[in-house]
Amino acid sequence: MRGLLFLGALLLLLVVLWPMARRVLLPPAGRPRAIRDELVKDPVCQTYVLRSRAVSREAGGTTHYFCSRECAERFSE
Ligand SMILES: [Zn+2]
């Protein structure tokens, strides 16, 4: 009977602590992706897009990011 009570307390502790533990353990893995996924400005239509989803074109040594291929093509014209 005491063993069952101990097990119940342990389970309760796990349920309470797990969200906290997850919050502590997850940020180091999530933060670098957030930095890489910064917003970049489309110079053609002035829209902000996520770098990971943007269409990139290199021109004059710098990389430009666009919301779509249409904007990238309009930029290089
Ligand atoms: Zn655009």
# chains A, B, ... in the order shown; residues from 1 in each chain; ligands from 1
>>> closest_atom_pairs(of="chain A", to="ligand 1", cutoff="9 Å", atoms="only C-alpha atoms and all ligand atoms", output="tab-separated table")
residue	atom	partner	partner_atom_place_in_ligand_line	distance
A:Lys41	CA	ligand 1	1 (Zn)	8.6
A:Asp42	CA	ligand 1	1 (Zn)	5.3
A:Pro43	CA	ligand 1	1 (Zn)	7.3
A:Val44	CA	ligand 1	1 (Zn)	5.5
A:Cys45	CA	ligand 1	1 (Zn)	4.4
A:Gln46	CA	ligand 1	1 (Zn)	6.6
A:Thr47	CA	ligand 1	1 (Zn)	5.9
A:Tyr48	CA	ligand 1	1 (Zn)	8.4
A:Val49	CA	ligand 1	1 (Zn)	8.6
A:Tyr65	CA	ligand 1	1 (Zn)	8.8
A:Phe66	CA	ligand 1	1 (Zn)	5.3
A:Cys67	CA	ligand 1	1 (Zn)	4.3
A:Ser68	CA	ligand 1	1 (Zn)	5.6
A:Arg69	CA	ligand 1	1 (Zn)	8.1
A:Glu70	CA	ligand 1	1 (Zn)	7.3
A:Cys71	CA	ligand 1	1 (Zn)	4.7
A:Ala72	CA	ligand 1	1 (Zn)	7.5
>>> select_by_dssp(residues="chain A", states="alpha helix (DSSP H)", output="PyMOL selection string")
chain A and resi 2-25+27-36+69-76
>>> atom_distance(atom1="atom CA of A:Ser76", atom2="atom CA of A:Asp37")
24.3 Å
>>> select_by_dssp(residues="chain A", states="strand (DSSP E)", output="ChimeraX atom specification")
/A:39-41,48-50,55-59,62-66
